[in-house]
Structure formats: structure tokens, C-alpha cells
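Structure below is coords07.cif: mmCIF, C-alpha atoms and all ligand atoms.
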```cif
data_coords
loop_
_atom_site.group_PDB
_atom_site.id
_atom_site.type_symbol
_atom_site.label_atom_id
_atom_site.label_comp_id
_atom_site.auth_asym_id
_atom_site.auth_seq_id
_atom_site.Cartn_x
_atom_site.Cartn_y
_atom_site.Cartn_z
ATOM 1 C CA MET W 1059 5.215 21.493 -25.352
ATOM 2 C CA ARG W 1060 7.221 18.948 -23.329
ATOM 3 C CA ILE W 1061 6.479 15.461 -24.593
ATOM 4 C CA ALA W 1062 7.900 12.268 -23.072
ATOM 5 C CA ILE W 1063 7.616 8.701 -24.229
ATOM 6 C CA PHE W 1064 7.200 6.084 -21.491
ATOM 7 C CA PRO W 1065 8.253 2.798 -23.109
ATOM 8 C CA GLY W 1066 7.862 -0.650 -21.619
ATOM 9 C CA THR W 1067 6.580 -4.157 -22.109
ATOM 10 C CA PHE W 1068 3.766 -3.538 -19.613
ATOM 11 C CA ASP W 1069 2.768 -7.199 -19.351
ATOM 12 C CA PRO W 1070 0.799 -6.074 -17.411
ATOM 13 C CA PHE W 1071 0.838 -2.310 -16.662
ATOM 14 C CA THR W 1072 1.029 -2.166 -12.844
ATOM 15 C CA ILE W 1073 0.442 0.452 -10.150
ATOM 16 C CA GLY W 1074 4.221 0.984 -10.274
ATOM 17 C CA HIS W 1075 3.973 2.090 -13.910
ATOM 18 C CA TYR W 1076 0.827 4.117 -13.157
ATOM 19 C CA SER W 1077 2.627 6.000 -10.414
ATOM 20 C CA ILE W 1078 5.499 6.902 -12.770
ATOM 21 C CA VAL W 1079 2.984 8.353 -15.263
ATOM 22 C CA GLU W 1080 1.227 10.318 -12.480
ATOM 23 C CA ARG W 1081 4.470 11.846 -11.322
ATOM 24 C CA GLY W 1082 5.696 12.309 -14.883
ATOM 25 C CA LEU W 1083 2.628 14.412 -15.685
ATOM 26 C CA LYS W 1084 4.000 17.015 -13.261
ATOM 27 C CA LEU W 1085 7.114 17.265 -15.446
ATOM 28 C CA PHE W 1086 5.689 16.840 -18.944
ATOM 29 C CA ASP W 1087 2.714 18.271 -20.833
ATOM 30 C CA LYS W 1088 2.094 14.987 -22.570
ATOM 31 C CA ILE W 1089 3.138 11.377 -21.984
ATOM 32 C CA ILE W 1090 3.006 8.737 -24.705
ATOM 33 C CA ILE W 1091 2.799 5.304 -23.088
ATOM 34 C CA ALA W 1092 4.501 3.149 -25.697
ATOM 35 C CA ILE W 1093 4.251 -0.639 -25.696
ATOM 36 C CA GLY W 1094 7.499 -1.859 -27.165
ATOM 37 C CA TYR W 1095 9.196 -5.156 -27.820
ATOM 38 C CA ASN W 1096 11.782 -6.432 -25.347
ATOM 39 C CA GLU W 1097 13.696 -9.368 -26.882
ATOM 40 C CA GLN W 1098 14.124 -10.883 -23.407
ATOM 41 C CA LYS W 1099 10.339 -10.976 -22.980
ATOM 42 C CA ALA W 1100 9.301 -12.533 -26.278
ATOM 43 C CA ASN W 1101 6.463 -14.616 -24.807
ATOM 44 C CA ALA W 1102 4.171 -11.905 -23.512
ATOM 45 C CA GLU W 1103 0.986 -13.023 -21.803
ATOM 46 C CA ALA W 1104 -1.232 -10.560 -23.699
ATOM 47 C CA THR W 1105 -0.772 -9.263 -27.257
ATOM 48 C CA ALA W 1106 0.506 -5.720 -27.683
ATOM 49 C CA GLU W 1107 -2.951 -4.665 -28.882
ATOM 50 C CA GLN W 1108 -4.631 -6.205 -25.804
ATOM 51 C CA ARG W 1109 -2.158 -4.378 -23.557
ATOM 52 C CA ARG W 1110 -2.727 -1.137 -25.472
ATOM 53 C CA LEU W 1111 -6.503 -1.377 -25.016
ATOM 54 C CA GLN W 1112 -6.161 -2.210 -21.286
ATOM 55 C CA ILE W 1113 -3.953 0.831 -20.674
ATOM 56 C CA LYS W 1114 -6.032 3.081 -22.941
ATOM 57 C CA GLU W 1115 -9.111 2.271 -20.835
ATOM 58 C CA ILE W 1116 -7.351 3.580 -17.696
ATOM 59 C CA TYR W 1117 -6.603 6.906 -19.389
ATOM 60 C CA SER W 1118 -9.676 7.215 -21.619
ATOM 61 C CA ASP W 1119 -10.595 10.606 -20.088
ATOM 62 C CA VAL W 1120 -7.062 11.995 -19.984
ATOM 63 C CA ASN W 1121 -6.009 14.193 -22.915
ATOM 64 C CA SER W 1122 -2.391 14.418 -21.804
ATOM 65 C CA VAL W 1123 -1.810 10.653 -22.064
ATOM 66 C CA GLU W 1124 -1.708 8.703 -25.322
ATOM 67 C CA VAL W 1125 -1.225 4.939 -25.558
ATOM 68 C CA ILE W 1126 0.439 3.353 -28.570
ATOM 69 C CA ALA W 1127 2.280 0.168 -29.557
ATOM 70 C CA TYR W 1128 5.420 0.192 -31.660
ATOM 71 C CA ASN W 1129 7.972 -2.059 -33.319
ATOM 72 C CA GLY W 1130 11.657 -1.327 -33.648
ATOM 73 C CA LEU W 1131 13.708 1.207 -31.765
ATOM 74 C CA THR W 1132 12.284 3.306 -28.954
ATOM 75 C CA THR W 1133 14.234 6.318 -30.216
ATOM 76 C CA ASN W 1134 12.573 6.081 -33.656
ATOM 77 C CA CYS W 1135 9.186 5.909 -31.962
ATOM 78 C CA ALA W 1136 10.094 8.921 -29.804
ATOM 79 C CA LYS W 1137 11.013 10.945 -32.893
ATOM 80 C CA LYS W 1138 7.809 9.926 -34.658
ATOM 81 C CA TYR W 1139 5.774 11.320 -31.742
ATOM 82 C CA ASN W 1140 7.994 14.418 -31.298
ATOM 83 C CA ALA W 1141 9.040 13.268 -27.822
ATOM 84 C CA ASP W 1142 12.185 14.955 -26.493
ATOM 85 C CA PHE W 1143 12.471 12.704 -23.449
ATOM 86 C CA ILE W 1144 12.227 9.053 -22.507
ATOM 87 C CA LEU W 1145 10.605 8.500 -19.098
ATOM 88 C CA ARG W 1146 11.449 5.393 -17.062
ATOM 89 C CA GLY W 1147 11.073 4.276 -13.463
ATOM 90 C CA PHE W 1148 13.592 2.253 -11.521
ATOM 91 C CA ARG W 1149 13.173 0.300 -8.348
ATOM 92 C CA THR W 1150 16.463 -0.955 -6.975
ATOM 93 C CA VAL W 1151 20.178 -1.072 -7.746
ATOM 94 C CA ALA W 1152 19.389 -4.182 -9.779
ATOM 95 C CA ASP W 1153 17.512 -1.956 -12.273
ATOM 96 C CA PHE W 1154 20.221 0.691 -12.332
ATOM 97 C CA GLU W 1155 22.773 -0.881 -14.737
ATOM 98 C CA TYR W 1156 20.045 -1.890 -17.171
ATOM 99 C CA GLU W 1157 18.506 1.580 -17.152
ATOM 100 C CA ARG W 1158 21.854 3.333 -17.454
ATOM 101 C CA ASN W 1159 22.860 1.196 -20.449
ATOM 102 C CA MET W 1160 19.564 1.838 -22.209
ATOM 103 C CA ALA W 1161 19.747 5.570 -21.483
ATOM 104 C CA ASP W 1162 23.327 5.713 -22.842
ATOM 105 C CA ILE W 1163 22.494 3.844 -26.035
ATOM 106 C CA ASN W 1164 19.334 5.836 -26.625
ATOM 107 C CA ARG W 1165 21.232 9.112 -26.149
ATOM 108 C CA LYS W 1166 23.959 7.929 -28.558
ATOM 109 C CA LEU W 1167 21.368 6.913 -31.142
ATOM 110 C CA SER W 1168 19.279 10.045 -31.023
ATOM 111 C CA GLY W 1169 20.413 12.633 -28.493
ATOM 112 C CA ILE W 1170 17.187 11.984 -26.577
ATOM 113 C CA GLU W 1171 17.658 12.173 -22.807
ATOM 114 C CA THR W 1172 16.124 9.680 -20.390
ATOM 115 C CA VAL W 1173 14.470 10.953 -17.222
ATOM 116 C CA LEU W 1174 14.516 8.306 -14.485
ATOM 117 C CA LEU W 1175 12.163 8.525 -11.529
ATOM 118 C CA TYR W 1176 12.730 6.539 -8.359
ATOM 119 C CA THR W 1177 9.880 4.132 -7.782
ATOM 120 C CA LEU W 1178 7.867 4.822 -4.641
ATOM 121 C CA PRO W 1179 9.140 2.555 -1.825
ATOM 122 C CA GLU W 1180 5.789 0.789 -1.610
ATOM 123 C CA HIS W 1181 6.086 -0.221 -5.281
ATOM 124 C CA ALA W 1182 9.701 -1.363 -5.170
ATOM 125 C CA SER W 1183 8.882 -5.057 -4.903
ATOM 126 C CA ILE W 1184 6.159 -5.077 -7.558
ATOM 127 C CA SER W 1185 6.967 -6.334 -11.036
ATOM 128 C CA SER W 1186 4.920 -7.444 -14.010
ATOM 129 C CA SER W 1187 6.355 -10.964 -13.769
ATOM 130 C CA ILE W 1188 5.364 -11.289 -10.101
ATOM 131 C CA VAL W 1189 1.832 -10.130 -10.964
ATOM 132 C CA ARG W 1190 1.675 -12.703 -13.787
ATOM 133 C CA GLU W 1191 2.886 -15.463 -11.471
ATOM 134 C CA LEU W 1192 0.235 -14.594 -8.879
ATOM 135 C CA LEU W 1193 -2.403 -14.590 -11.624
ATOM 136 C CA HIS W 1194 -1.321 -18.048 -12.769
ATOM 137 C CA ASN W 1195 -1.848 -19.201 -9.196
ATOM 138 C CA SER W 1196 -5.350 -17.697 -9.057
ATOM 139 C CA VAL W 1197 -4.390 -14.948 -6.587
ATOM 140 C CA ASP W 1198 -6.456 -11.748 -6.740
ATOM 141 C CA VAL W 1199 -4.039 -9.132 -8.126
ATOM 142 C CA THR W 1200 -6.443 -6.177 -8.102
ATOM 143 C CA GLU W 1201 -4.306 -4.267 -5.600
ATOM 144 C CA PHE W 1202 -1.357 -4.303 -8.024
ATOM 145 C CA LEU W 1203 -3.296 -3.076 -11.053
ATOM 146 C CA PRO W 1204 -4.362 0.555 -11.561
ATOM 147 C CA GLN W 1205 -8.003 1.484 -11.708
ATOM 148 C CA LYS W 1206 -9.385 4.120 -14.042
ATOM 149 C CA HIS W 1207 -7.503 7.420 -13.776
ATOM 150 C CA GLN W 1208 -9.181 9.851 -11.326
ATOM 151 C CA TYR W 1209 -8.633 13.605 -11.368
HETATM 152 N N1 LIG W 1301 7.284 0.222 -10.208
HETATM 153 C C1 LIG W 1301 7.192 -1.120 -10.192
HETATM 154 N N2 LIG W 1301 7.704 -1.924 -11.137
HETATM 155 C C2 LIG W 1301 8.355 -1.339 -12.147
HETATM 156 C C3 LIG W 1301 8.494 0.036 -12.235
HETATM 157 C C4 LIG W 1301 7.921 0.827 -11.215
HETATM 158 N N3 LIG W 1301 8.022 2.148 -11.226
HETATM 159 N N4 LIG W 1301 9.193 0.319 -13.331
HETATM 160 C C5 LIG W 1301 9.482 -0.858 -13.909
HETATM 161 N N5 LIG W 1301 8.974 -1.861 -13.199
HETATM 162 C C6 LIG W 1301 9.123 -3.286 -13.483
HETATM 163 C C7 LIG W 1301 8.115 -3.795 -14.456
HETATM 164 O O1 LIG W 1301 6.974 -4.294 -13.810
HETATM 165 C C8 LIG W 1301 8.891 -4.862 -15.181
HETATM 166 O O2 LIG W 1301 8.895 -6.057 -14.454
HETATM 167 P P1 LIG W 1301 9.256 -7.472 -15.158
HETATM 168 O O3 LIG W 1301 10.725 -7.456 -15.452
HETATM 169 O O4 LIG W 1301 8.867 -8.460 -14.141
HETATM 170 O O5 LIG W 1301 8.448 -7.566 -16.431
HETATM 171 C C9 LIG W 1301 10.297 -4.304 -15.208
HETATM 172 O O6 LIG W 1301 10.388 -3.439 -14.094
HETATM 173 C C10 LIG W 1301 10.587 -3.493 -16.439
HETATM 174 O O7 LIG W 1301 9.689 -3.804 -17.454
HETATM 175 P P2 LIG W 1301 8.842 -2.731 -18.222
HETATM 176 O O8 LIG W 1301 8.621 -1.518 -17.392
HETATM 177 O O9 LIG W 1301 7.605 -3.398 -18.744
HETATM 178 O O10 LIG W 1301 9.811 -2.346 -19.389
HETATM 179 P P3 LIG W 1301 10.888 -3.194 -20.137
HETATM 180 O O11 LIG W 1301 12.179 -3.043 -19.408
HETATM 181 O O12 LIG W 1301 10.437 -4.564 -20.461
HETATM 182 O O13 LIG W 1301 10.917 -2.334 -21.497
HETATM 183 C C11 LIG W 1301 11.795 -1.652 -23.603
HETATM 184 C C12 LIG W 1301 11.966 -2.465 -22.324
HETATM 185 C C13 LIG W 1301 10.572 -2.062 -24.401
HETATM 186 C C14 LIG W 1301 11.694 -0.164 -23.268
HETATM 187 C C15 LIG W 1301 13.123 -1.911 -24.355
HETATM 188 O O14 LIG W 1301 13.291 -3.307 -24.548
HETATM 189 C C16 LIG W 1301 13.166 -1.225 -25.690
HETATM 190 O O15 LIG W 1301 13.462 -0.045 -25.757
HETATM 191 N N6 LIG W 1301 12.843 -1.972 -26.770
HETATM 192 C C17 LIG W 1301 12.816 -1.433 -28.117
HETATM 193 C C18 LIG W 1301 14.100 -1.763 -28.883
HETATM 194 C C19 LIG W 1301 15.161 -0.742 -28.595
HETATM 195 O O16 LIG W 1301 14.987 0.455 -28.755
HETATM 196 N N7 LIG W 1301 16.311 -1.262 -28.171
HETATM 197 C C20 LIG W 1301 17.419 -0.443 -27.795
HETATM 198 C C21 LIG W 1301 17.290 -0.037 -26.352
HETATM 199 S S1 LIG W 1301 18.867 0.171 -25.659
#
```
Could you express the structure from this file as C-alpha cells?
Ligand code: COA
Amino acid sequence: MRIAIFPGTFDPFTIGHYSIVERGLKLFDKIIIAIGYNEQKANAEATAEQRRLQIKEIYSDVNSVEVIAYNGLTTNCAKKYNADFILRGFRTVADFEYERNMADINRKLSGIETVLLYTLPEHASISSSIVRELLHNSVDVTEFLPQKHQY
């Protein structure tokens, strides 16, 4: 069984993230969406448990997706859930260095390979921080947030 962990801060989980999971499900039998801790994003808007419940609701009818929160290293979490791959999406060249460094370190730490999917062009300008900023300014952000998963 091919299991991938999809780690992120997901504050919030956007249609960009949703699309990566959709496309990842064509490559993997199971995807563990894992809410981790990014030191650069210490002041998350929602608690990890709130984010976990929000994402879990989207996938409540989907057996091949599990949603968890973890502390510590992503590679330790991957091993705990028997994941052989780390799944990530990247949008622009600005994401590339960051993703490459993380993939290198994670491979050095554990041998686990990272599979990077190009973000769909229509999602390239979406980010969790932009969605949060719009929310703070009372803009309706529904179009950037995924609805319940449909088969
Ligand atoms: N479409 C649109 N936007 C996307 C996207 C896509 N396909 N993929 C990523 N993004 C955006 C997100 O919205 C987010 O935007 P933001 O910067 O405004 O918040 C950004 O790109 C990436 O954030 P996110 O996807 O939430 O993940 P992250 O980079 O914050 O996650 C961890 C980082 C948690 C995976 C990393 O810090 C980690 O592994 N922590 C654990 C400790 C560890 O193992 N450290 C060693 C790692 S080298």
C-alpha cells in the first residue's frame, strides 16, 4: 500500500491544498494530511485541533484520507504512520528553494522521498496568509476554501 504524508500548517487549508490531495490520490492509496508546526508561523489563527476538525469534516466520507496533528519532525510522523513518501505542492520559483531544502533534509534524516506536485495555475496566487488577510478585512473567502469532498 502506497502511503504519503501531506504535511503543512494549513492555516487555513485552501483549495490549493485540496487540489494537491485530489491529484495525490491518483498516485497514493492513502494520504495522511498532517498538521505540523512551522516555527516561522508560530501564531496560527486556529489551534491545530480546530484545523484538524475543519479538514476532517471535508474528508469525513473518504476512507483513503486521514487527518492528524503532530509535534516534532515530519519524518518521525511519517514513520509512525508507515508513510514512504512526503507529498507537497509548490506554486512558484519562490517556493522551490524552500521545498528543495526541506526535501533534502527529510531525505537525509529518514530516506523518505518527497513528491512535489506543481500547483494548478489557477491556484498559484492563493496562500493561507492571503486568505487570512482577506478574512480579517471581512471579505468572503468561500471561493478559496474547499467544500466537502465529492466523489
Ligand atoms: N496551492 C496554493 N497554495 C499553496 C499550495 C498549493 N498547492 N501549496 C502550498 N501553498 C501555500 C500555503 O497556502 C501556505 O501559504 P502561507 O505561507 O501564506 O501560509 C504556503 O504555501 C505553505 O504553507 P503550508 O502548505 O501550510 O505548509 P508549511 O510550509 O507551513 O508547512 C511544515 C511546513 C509543517 C511541513 C514544516 O515546517 C515541517 O516539516 N515542520 C515540522 C518540523 C520538521 O520536520 N522540520 C524539519 C523540516 S526540514
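Closest to W:Leu1083 among W:Ala1127, W:Ile1063, W:Ile1170, W:Tyr1156 is W:Ile1063, based on all atoms listed in the file.
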Check your understanding: For the file shown, what are the residues hit by the PyMOL selection byres (((chain W and resi 1088) around 6) and not hetatm), laid out as a PyMOL selection string?
Key -> chain W and resi 1061+1086-1087+1089+1122-1123
Check your understanding: Could you state the separation of atom N3 of ligand LIG 1301 (chain W) and atom CA of W:Ile1078 in Å, given to one decimal place?
Key -> 5.6 Å
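Interatomic distance, atom C8 of ligand LIG 1301 (chain W) against atom CA of W:Gly1169: 24.8 Å.
Applied to this file, the PyMOL selection byres (((chain W and resi 1157) around 12) and not hetatm) selects W:Pro1065, W:Gly1066, W:Ile1144, W:Leu1145, W:Arg1146, W:Gly1147, W:Phe1148, W:Arg1149, W:Thr1150, W:Val1151, W:Ala1152, W:Asp1153, W:Phe1154, W:Glu1155, W:Tyr1156, W:Arg1158, W:Asn1159, W:Met1160, W:Ala1161, W:Asp1162, W:Ile1163, W:Asn1164, W:Thr1172, W:Val1173, W:Leu1174, W:Leu1175, W:Tyr1176.
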Can you write out the residues you just picked, keeping C-alpha atoms, as a compact mmCIF listing (two decimals), keeping the file's coordinate frame?
```
# COMPACT_ATOMS: atom_id res chain seq x y z
CA PRO W 1065 8.25 2.80 -23.11
CA GLY W 1066 7.86 -0.65 -21.62
CA ILE W 1144 12.23 9.05 -22.51
CA LEU W 1145 10.60 8.50 -19.10
CA ARG W 1146 11.45 5.39 -17.06
CA GLY W 1147 11.07 4.28 -13.46
CA PHE W 1148 13.59 2.25 -11.52
CA ARG W 1149 13.17 0.30 -8.35
CA THR W 1150 16.46 -0.96 -6.98
CA VAL W 1151 20.18 -1.07 -7.75
CA ALA W 1152 19.39 -4.18 -9.78
CA ASP W 1153 17.51 -1.96 -12.27
CA PHE W 1154 20.22 0.69 -12.33
CA GLU W 1155 22.77 -0.88 -14.74
CA TYR W 1156 20.05 -1.89 -17.17
CA ARG W 1158 21.85 3.33 -17.45
CA ASN W 1159 22.86 1.20 -20.45
CA MET W 1160 19.56 1.84 -22.21
CA ALA W 1161 19.75 5.57 -21.48
CA ASP W 1162 23.33 5.71 -22.84
CA ILE W 1163 22.49 3.84 -26.04
CA ASN W 1164 19.33 5.84 -26.62
CA THR W 1172 16.12 9.68 -20.39
CA VAL W 1173 14.47 10.95 -17.22
CA LEU W 1174 14.52 8.31 -14.48
CA LEU W 1175 12.16 8.52 -11.53
CA TYR W 1176 12.73 6.54 -8.36
```
Practice item. For atom CA of W:Lys1114 and atom CA of W:Lys1206, determine how far apart the two atoms are, in Å to one decimal place. Key: 9.6 Å
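Among the candidate residues W:Ser1077, W:Thr1067, W:Thr1200, W:Gln1098, the one lying nearest to W:His1181 is W:Ser1077, with distances computed using only C-alpha atoms.
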**Study point:** Among the residues W:Phe1202, W:Phe1064, W:Phe1071, W:Tyr1095, the one that comes closest to W:Leu1131 [using only C-alpha atoms]
**Key:** W:Tyr1095
